[in-house]
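Q: Okay, so here is entry.txt, and as you'll see once you scroll down, it has compact mmCIF, C-alpha atoms and all ligand atoms.
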```
# COMPACT_ATOMS: atom_id res chain seq x y z
CA MET A 96 -97.12 -42.17 -386.82
CA SER A 97 -99.67 -44.70 -385.53
CA GLU A 98 -102.01 -43.95 -382.65
CA ASN A 99 -99.99 -46.31 -380.42
CA ASN A 100 -96.75 -44.47 -381.15
CA ASP A 101 -98.44 -41.13 -380.40
CA PHE A 102 -99.69 -42.51 -377.10
CA ASP A 103 -96.26 -43.96 -376.15
CA ALA A 104 -94.57 -40.66 -377.02
CA LEU A 105 -97.09 -38.76 -374.88
CA VAL A 106 -96.58 -41.16 -371.94
CA GLY A 107 -92.80 -40.76 -372.32
CA GLU A 108 -93.13 -36.97 -372.31
CA ILE A 109 -95.34 -37.01 -369.21
CA GLU A 110 -92.98 -39.40 -367.37
CA GLY A 111 -90.02 -37.23 -368.28
CA ALA A 112 -91.80 -34.12 -366.98
CA ILE A 113 -92.77 -35.87 -363.72
CA GLN A 114 -89.20 -37.07 -363.15
CA LYS A 115 -87.87 -33.57 -363.81
CA ASP A 116 -90.37 -32.10 -361.31
CA GLU A 117 -89.52 -34.76 -358.72
CA LYS A 118 -85.81 -34.00 -359.00
CA GLU A 119 -86.53 -30.34 -358.29
CA ILE A 120 -88.62 -31.18 -355.21
CA TYR A 121 -86.91 -34.17 -353.60
CA THR A 122 -83.31 -35.04 -352.77
CA GLU A 123 -81.57 -37.78 -354.69
CA LYS A 124 -81.58 -39.96 -351.56
CA THR A 125 -85.36 -39.57 -351.13
CA LEU A 126 -85.98 -40.56 -354.74
CA GLU A 127 -83.59 -43.50 -354.45
CA GLU A 128 -85.33 -44.81 -351.30
CA ALA A 129 -88.81 -44.15 -352.73
CA TYR A 130 -88.14 -45.99 -356.00
CA ASN A 131 -85.96 -48.77 -354.53
CA PRO A 132 -87.15 -49.17 -350.95
CA LYS A 133 -85.48 -51.72 -348.71
CA ASN A 134 -87.23 -54.23 -346.47
CA VAL A 135 -90.67 -54.03 -348.06
CA GLY A 136 -93.18 -56.67 -346.98
CA GLU A 137 -94.17 -58.60 -343.88
CA LEU A 138 -92.29 -61.00 -341.61
CA LYS A 139 -93.65 -64.53 -341.22
CA GLU A 140 -93.59 -64.54 -337.44
CA PRO A 141 -93.06 -60.96 -336.27
CA SER A 142 -92.26 -60.31 -332.61
CA ALA A 143 -94.24 -57.08 -332.87
CA VAL A 144 -96.43 -55.15 -335.27
CA GLY A 145 -97.19 -51.46 -335.53
CA LYS A 146 -99.75 -49.97 -337.90
CA VAL A 147 -100.55 -46.28 -337.92
CA THR A 148 -102.68 -44.09 -340.18
CA GLY A 149 -101.55 -40.48 -340.32
CA PRO A 150 -103.75 -37.38 -340.57
CA CYS A 151 -103.21 -37.48 -344.36
CA GLY A 152 -104.97 -40.89 -344.49
CA ASP A 153 -101.86 -42.88 -345.42
CA THR A 154 -100.98 -45.97 -343.42
CA ILE A 155 -97.61 -47.55 -342.62
CA GLN A 156 -97.21 -51.00 -341.08
CA ILE A 157 -93.95 -52.16 -339.50
CA HIS A 158 -93.06 -55.70 -338.47
CA LEU A 159 -90.18 -56.28 -336.04
CA LYS A 160 -88.30 -59.46 -335.25
CA VAL A 161 -86.59 -59.22 -331.88
CA GLU A 162 -83.98 -61.70 -330.71
CA GLY A 163 -82.72 -61.22 -327.18
CA ASP A 164 -82.98 -57.47 -326.96
CA ILE A 165 -81.83 -56.83 -330.52
CA ILE A 166 -84.03 -56.02 -333.51
CA SER A 167 -82.75 -58.61 -335.95
CA ASP A 168 -85.18 -57.92 -338.79
CA CYS A 169 -87.72 -55.32 -339.82
CA LYS A 170 -90.12 -54.94 -342.74
CA PHE A 171 -92.66 -52.32 -343.72
CA ILE A 172 -95.50 -51.73 -346.13
CA THR A 173 -97.38 -48.54 -346.90
CA ASP A 174 -100.14 -47.28 -349.13
CA GLY A 175 -98.66 -43.81 -348.82
CA CYS A 176 -96.75 -41.26 -350.86
CA GLY A 177 -93.18 -41.52 -352.13
CA PRO A 178 -91.69 -39.80 -349.05
CA SER A 179 -93.57 -42.24 -346.78
CA ILE A 180 -92.02 -45.14 -348.73
CA ALA A 181 -88.59 -43.50 -348.43
CA SER A 182 -89.13 -42.86 -344.70
CA GLY A 183 -90.31 -46.43 -344.04
CA SER A 184 -87.29 -47.78 -345.88
CA VAL A 185 -84.88 -45.61 -343.88
CA VAL A 186 -86.54 -46.52 -340.56
CA THR A 187 -86.22 -50.25 -341.26
CA GLU A 188 -82.54 -49.80 -342.07
CA LEU A 189 -81.96 -47.68 -338.96
CA VAL A 190 -83.51 -50.12 -336.49
CA LYS A 191 -81.84 -53.31 -337.64
CA GLY A 192 -79.19 -54.35 -335.14
CA LYS A 193 -80.34 -51.82 -332.53
CA THR A 194 -81.63 -52.65 -329.07
CA ILE A 195 -85.25 -51.84 -328.20
CA GLU A 196 -83.96 -48.97 -326.06
CA GLU A 197 -81.82 -47.53 -328.87
CA ALA A 198 -84.64 -47.86 -331.41
CA SER A 199 -87.08 -46.02 -329.14
CA LYS A 200 -84.78 -42.98 -329.20
CA LEU A 201 -84.99 -42.57 -332.99
CA THR A 202 -86.81 -39.46 -334.19
CA ALA A 203 -88.20 -38.08 -337.44
CA ASP A 204 -85.15 -35.78 -337.52
CA ASP A 205 -82.89 -38.86 -337.76
CA VAL A 206 -84.86 -39.96 -340.84
CA LEU A 207 -84.80 -36.43 -342.29
CA ALA A 208 -81.04 -36.22 -341.76
CA ILE A 209 -80.62 -39.30 -343.98
CA LEU A 210 -83.14 -38.21 -346.62
CA GLY A 211 -81.56 -34.76 -346.70
CA ASP A 212 -84.69 -32.74 -346.03
CA LEU A 213 -88.21 -32.81 -347.48
CA PRO A 214 -90.66 -30.15 -348.66
CA ALA A 215 -92.83 -28.70 -345.86
CA ASP A 216 -95.87 -30.61 -347.16
CA ASN A 217 -94.04 -33.91 -346.58
CA LEU A 218 -92.55 -33.30 -343.15
CA HIS A 219 -95.29 -35.45 -341.59
CA CYS A 220 -94.20 -38.51 -343.63
CA PRO A 221 -91.09 -39.38 -341.54
CA VAL A 222 -93.16 -38.57 -338.44
CA LEU A 223 -95.69 -41.21 -339.52
CA ALA A 224 -92.88 -43.75 -340.06
CA ILE A 225 -91.42 -43.03 -336.60
CA ASN A 226 -94.87 -43.17 -334.97
CA THR A 227 -95.39 -46.56 -336.60
CA LEU A 228 -92.04 -47.75 -335.24
CA LYS A 229 -93.07 -46.52 -331.78
CA ALA A 230 -96.38 -48.43 -332.09
CA ALA A 231 -94.42 -51.61 -332.97
CA LEU A 232 -92.07 -51.08 -330.00
CA GLU A 233 -95.09 -50.55 -327.75
CA ASP A 234 -96.63 -53.75 -329.11
CA TYR A 235 -93.36 -55.55 -328.34
CA ARG A 236 -93.29 -54.25 -324.77
CA ASN A 237 -96.96 -55.23 -324.23
CA THR A 238 -96.52 -58.68 -325.74
CA ARG A 239 -93.34 -59.26 -323.76
CA SER A 240 -94.93 -58.24 -320.45
CA PHE A 241 -97.91 -60.48 -321.29
CA ARG A 242 -95.48 -63.35 -322.04
CA ASN A 243 -93.58 -62.75 -318.78
CA GLN A 244 -96.89 -62.61 -316.90
CA SER A 245 -97.99 -65.94 -318.43
CA ILE A 246 -94.65 -67.57 -317.50
CA SER A 247 -94.82 -66.38 -313.89
CA GLU A 248 -98.44 -67.52 -313.45
FE1 LIG A 301 -99.27 -39.14 -346.13
FE2 LIG A 301 -96.79 -38.77 -346.99
S1 LIG A 301 -98.61 -37.73 -347.65
S2 LIG A 301 -97.45 -40.07 -345.42
```
Show me the file's structure as structure tokens.
Ligand code: FES

A:
Amino acid sequence: MSENNDFDALVGEIEGAIQKDEKEIYTEKTLEEAYNPKNVGELKEPSAVGKVTGPCGDTIQIHLKVEGDIISDCKFITDGCGPSIASGSVVTELVKGKTIEEASKLTADDVLAILGDLPADNLHCPVLAINTLKAALEDYRNTRSFRNQSISE
């Protein structure tokens, strides 16, 4: 066997072991959302932006597009762990089509309910995603009140 084949076989073995470990730790839904996240990226002209770094040092950014009072689009990016990717993905799916009021009532438990639980070490990941959503909603409220102020002046 050539050196390249040995290396490829070793990489394959390691990947297989990692996937096996992941399946023992995370739910199928978490792995699906982490490996195939929805709504990744940035919006061209977001109505609001939230960017929060958690105590673990990972950052999530959320862009919202608001039309009327409805969140019509939402995108996220993160430099964080798999569960933070999964949580960001779920949050973006949850907020689309909701009013600002409805979106502000979402909690980390709503995200956890969809992911089907996480290990204790990752419970802060959906919290970070929800805190980022709250920062974006706050940004929207501030921008909107600034806009209303400018119109009335
Ligand atoms: Fe930091 Fe998951 S470990 S968000």

Q: Nearest to ligand LIG 301 (chain A): which of A:Ser240, A:Ser182, A:Gln114, A:Ser199 is it, counting all atoms listed in the file?

A: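 Distance minimum relative to ligand LIG 301 (chain A) lands on A:Ser182.
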
Q: Report as JSON lines the residues of chain A within 9 Å of ligand LIG 301 (chain A), each with its shortest atom pair and distance in Å (one decimal), using all atoms listed in the file, ordered by chain and increasing residue number.

A:
```
{"residue": "A:Thr148", "atom": "CA", "partner": "A:LIG301", "partner_atom": "S2", "distance": 8.4}
{"residue": "A:Gly149", "atom": "CA", "partner": "A:LIG301", "partner_atom": "FE1", "distance": 6.4}
{"residue": "A:Pro150", "atom": "CA", "partner": "A:LIG301", "partner_atom": "FE1", "distance": 7.4}
{"residue": "A:Cys151", "atom": "CA", "partner": "A:LIG301", "partner_atom": "FE1", "distance": 4.6}
{"residue": "A:Gly152", "atom": "CA", "partner": "A:LIG301", "partner_atom": "FE1", "distance": 6.2}
{"residue": "A:Asp153", "atom": "CA", "partner": "A:LIG301", "partner_atom": "FE1", "distance": 4.6}
{"residue": "A:Thr154", "atom": "CA", "partner": "A:LIG301", "partner_atom": "S2", "distance": 7.2}
{"residue": "A:Ile155", "atom": "CA", "partner": "A:LIG301", "partner_atom": "S2", "distance": 8.0}
{"residue": "A:Thr173", "atom": "CA", "partner": "A:LIG301", "partner_atom": "S2", "distance": 8.6}
{"residue": "A:Asp174", "atom": "CA", "partner": "A:LIG301", "partner_atom": "S2", "distance": 8.5}
{"residue": "A:Gly175", "atom": "CA", "partner": "A:LIG301", "partner_atom": "S2", "distance": 5.2}
{"residue": "A:Cys176", "atom": "CA", "partner": "A:LIG301", "partner_atom": "FE2", "distance": 4.6}
{"residue": "A:Gly177", "atom": "CA", "partner": "A:LIG301", "partner_atom": "FE2", "distance": 6.9}
{"residue": "A:Pro178", "atom": "CA", "partner": "A:LIG301", "partner_atom": "FE2", "distance": 5.6}
{"residue": "A:Ser179", "atom": "CA", "partner": "A:LIG301", "partner_atom": "S2", "distance": 4.6}
{"residue": "A:Ile180", "atom": "CA", "partner": "A:LIG301", "partner_atom": "S2", "distance": 8.1}
{"residue": "A:Ser182", "atom": "CA", "partner": "A:LIG301", "partner_atom": "S2", "distance": 8.8}
{"residue": "A:Asp216", "atom": "CA", "partner": "A:LIG301", "partner_atom": "S1", "distance": 7.6}
{"residue": "A:Asn217", "atom": "CA", "partner": "A:LIG301", "partner_atom": "FE2", "distance": 5.6}
{"residue": "A:Leu218", "atom": "CA", "partner": "A:LIG301", "partner_atom": "FE2", "distance": 7.9}
{"residue": "A:His219", "atom": "CA", "partner": "A:LIG301", "partner_atom": "S2", "distance": 6.4}
{"residue": "A:Cys220", "atom": "CA", "partner": "A:LIG301", "partner_atom": "S2", "distance": 4.0}
{"residue": "A:Pro221", "atom": "CA", "partner": "A:LIG301", "partner_atom": "S2", "distance": 7.5}
{"residue": "A:Val222", "atom": "CA", "partner": "A:LIG301", "partner_atom": "S2", "distance": 8.3}
{"residue": "A:Leu223", "atom": "CA", "partner": "A:LIG301", "partner_atom": "S2", "distance": 6.3}
{"residue": "A:Ala224", "atom": "CA", "partner": "A:LIG301", "partner_atom": "S2", "distance": 7.9}
```

Q: Measuring between all atoms listed in the file, which one of A:Ile172, A:Asp212, A:Val144, A:Asp204 shows the shortest distance to Glu233 (chain A)?

A: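 The shortest atom-to-atom distance to Glu233 (chain A) comes from A:Val144.
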
Q: Take CA of Val135 (chain A) and CA of Val161 (chain A) and report the distance between them in Å, one decimal.

A: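 Here the two named atoms are 17.5 Å from each other.
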
Q: Fewer than 5 positions away in the same chain doesn't count, so skip those; otherwise give me all residues within 9 Å of Tyr121 (chain A), counting all atoms listed in the file, as a PyMOL selection string.

A: chain A and resi 116+126+178+210-214

Q: So that I can check the surroundings of Arg236 (chain A), please list as a PyMOL selection string every protein, DNA and RNA residue that reaches within 12 Å of it, counting all atoms listed in the file and ignoring chain neighbours fewer than 6 positions away.

A: chain A and resi 142-145+159+161+164+195-196+199+229-230+242-243

Q: Would you save the residues from that selection as a compact mmCIF listing (two decimals), in the coordinates of the input, using C-alpha atoms?

A:
```txt
# COMPACT_ATOMS: atom_id res chain seq x y z
CA SER A 142 -92.26 -60.31 -332.61
CA ALA A 143 -94.24 -57.08 -332.87
CA VAL A 144 -96.43 -55.15 -335.27
CA GLY A 145 -97.19 -51.46 -335.53
CA LEU A 159 -90.18 -56.28 -336.04
CA VAL A 161 -86.59 -59.22 -331.88
CA ASP A 164 -82.98 -57.47 -326.96
CA ILE A 195 -85.25 -51.84 -328.20
CA GLU A 196 -83.96 -48.97 -326.06
CA SER A 199 -87.08 -46.02 -329.14
CA LYS A 229 -93.07 -46.52 -331.78
CA ALA A 230 -96.38 -48.43 -332.09
CA ARG A 242 -95.48 -63.35 -322.04
CA ASN A 243 -93.58 -62.75 -318.78
```

Q: Compare A:Tyr130, A:Asp101, A:Ala112, A:Gly163 by their minimum atom-to-atom distance to Arg239 (chain A), counting all atoms listed in the file, and give me the closest one.

A: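 The closest residue to Arg239 (chain A) is A:Gly163.
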
Q: What residues have an atom no more than 9 Å from (-94.5, -53.6, -343.9) in the file's own frame, counting only C-alpha atoms, and can you write them as a VMD selection string?

A: chain A and resid 134 to 138 144 146 155 to 158 169 to 173 183

Q: Name the closest residue to Glu162 (chain A) among the candidates A:Lys193, A:Lys115, A:Lys133, A:Lys139; distances are taken between atoms, counting only C-alpha atoms.

A: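 Of all the options, A:Lys193 lies closest to Glu162 (chain A).
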
Q: If I take CA of Lys124 (chain A) and CA of Ile165 (chain A), how far is one from the other in Å, to one decimal?

A: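 So the answer is 27.0 Å.
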
Q: Counting only C-alpha atoms, which of A:Ile166, A:Val147, A:Ile120, A:Ile109 gets nearest to Thr227 (chain A)?

A: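 Closest to Thr227 (chain A) of all the choices is A:Val147.
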